[in-house]
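K.L.:
One structure follows; several queries about it will come next.
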Amino acid sequence: MNKFIALLIISISILSCSNGSQYNDPIPLHDSFKITSKLLKETRVINVWTPPNYKTSNDSLPVLYMPDGGVVNEDFPHIANTISKLVENKSIPPIILVGITNTDRRRDLSGFSKVKDDAQYCPLTDGAKDFRAFISDELILEIDKKYRITSEKGIIGESLAGLFVIETLLLQPETFNFYIAMDPSLWWNDHYLVKNTEHYLEKFTEKRIKLWFAASDAEDISIHSKSFSEILKNKSPETLIWKFSNEPKEHHNTIFRATKEKALIWTLNKDEAK
């Protein structure tokens, strides 16, 4: 990978190894609480959006988890507002959104890397392992206590968070029922995940999983998403229902907003085919 180009992409993107927003989305009504994590050894702020009729009904709902889930300069407001609109017009079934506010996203969303040059973007330590354990072993249990939820749950992320989504799919696919990743940073660690995808798929779960992922015009990033798609074409197990959306007219800093609605509609509607 051309590291100079990659650094340029990262420096101008809204969601790469740093996170900032160029939008000013209205913050919807939501719950917030803190959870003290033994695994992360820190306190995290969790933001939860529920559909308007949640508090007046007895329905249990699926859950969508989201890194980069803070309300200030992160993605919770625009994803919550999008889901609200899609639920209102019946494009998707009702769902609860759980946003995880960042403290150090570079640490939390990147796995181990043996490539020394990667250290200029994110730590080389496997922070994603601890962050994934926090979600599966602490946060999900807390959400289960506080809200009426079904067993259906998924995760959404873009760029570095997209890398975390794909890594979770391959390493621990049973963590979620559905996965959404826009422009995942699959170049990380000399595109280790892509190079080892076939190995992971050989041991893939028998549980039915859905995956939606997209690529922008950022060639040094999208080339690996396209390679990942080609592997899935030939090696995807029947239990993995997936869709790749190639978006050459979108940029790294526009693809999340450009594709979020069709990603959610395809993923959350049970009648969508492979």
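Chain labels run A, B, ... following the order of the structure tokens; each chain numbers its residues from 1, and ligands are numbered from 1 in the order shown.
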If we count only C-alpha atoms, what is near Ser151 in chain A at a cut-off of 9 Å, once residues fewer than 5 positions away on the same chain are taken out, given as a VMD selection string?
P.N.:
chain A and resid 61 to 63 177
K.L.:
I'd like the contact shell of Phe178 in chain A - 8 Å cut-off, only C-alpha atoms, skipping same-chain residues fewer than 3 positions apart - returned as a list in words.
P.N.:
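Neighbouring residues, sequence-local ones excluded: Lys153, Gly154, Ile155, Ile209, Lys210, Leu211 and Thr267 of chain A.
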K.L.:
For Ser37 in chain A, please output as a list in words all residues within 10 Å (counting only C-alpha atoms; exclusion window: fewer than 3 positions along the same chain).
P.N.:
Lys34, Leu40, Lys41, Glu42, Thr43, Arg44, Phe131, Phe134, Ile135, Asp137, Glu138 and Leu139 of chain A
K.L.:
Between CA of Thr150 in chain A and CA of Ile92 in chain A, measure the distance and give it in Å to one decimal.
P.N.:
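Value for the CA of Thr150 in chain A-CA of Ile92 in chain A distance: 15.9 Å.
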K.L.:
Would you work out the distance separating CA of Ala263 in chain A from CA of Asp68 in chain A, expressed in Å to one decimal?
P.N.:
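Value for the CA of Ala263 in chain A-CA of Asp68 in chain A distance: 17.5 Å.
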K.L.:
List as a list in words the protein and nucleic acid residues near range 145-148 of chain A, meaning an atom at most 9 Å away when only C-alpha atoms are counted, but skip any in the same chain fewer than 3 places from it.
P.N.:
Tyr54, Asn58, Asp59, Ser60, Leu61, Pro62, Ile140, Leu141 and Glu142 of chain A
K.L.:
Looking at only C-alpha atoms, which of A:Pro26, A:Ala214, A:Val98, A:Thr197 is the one that sits closest to Arg257 in chain A?
P.N.:
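Answer, going by the shortest atom-to-atom distance: A:Ala214.
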K.L.:
Between A:Ile166, A:Ile35, A:Ile180, A:Leu186, which one has atoms that come closest to Lys243 in chain A, using only C-alpha atoms?
P.N.:
A:Ile180
K.L.:
Measure the distance from CA of Ser113 in chain A to CA of His191 in chain A in Å and round it to one decimal.
P.N.:
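If I compute the distance from CA of Ser113 in chain A to CA of His191 in chain A, I get 9.7 Å.
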K.L.:
Identify, with DSSP run on backbone atoms, the residues in range 3-219 of chain A assigned to alpha helix (DSSP H), and express the list as a ChimeraX atom specification.
P.N.:
/A:3-12,76-88,105-109,127-134,140-146,160-171,188-195,197-202,219
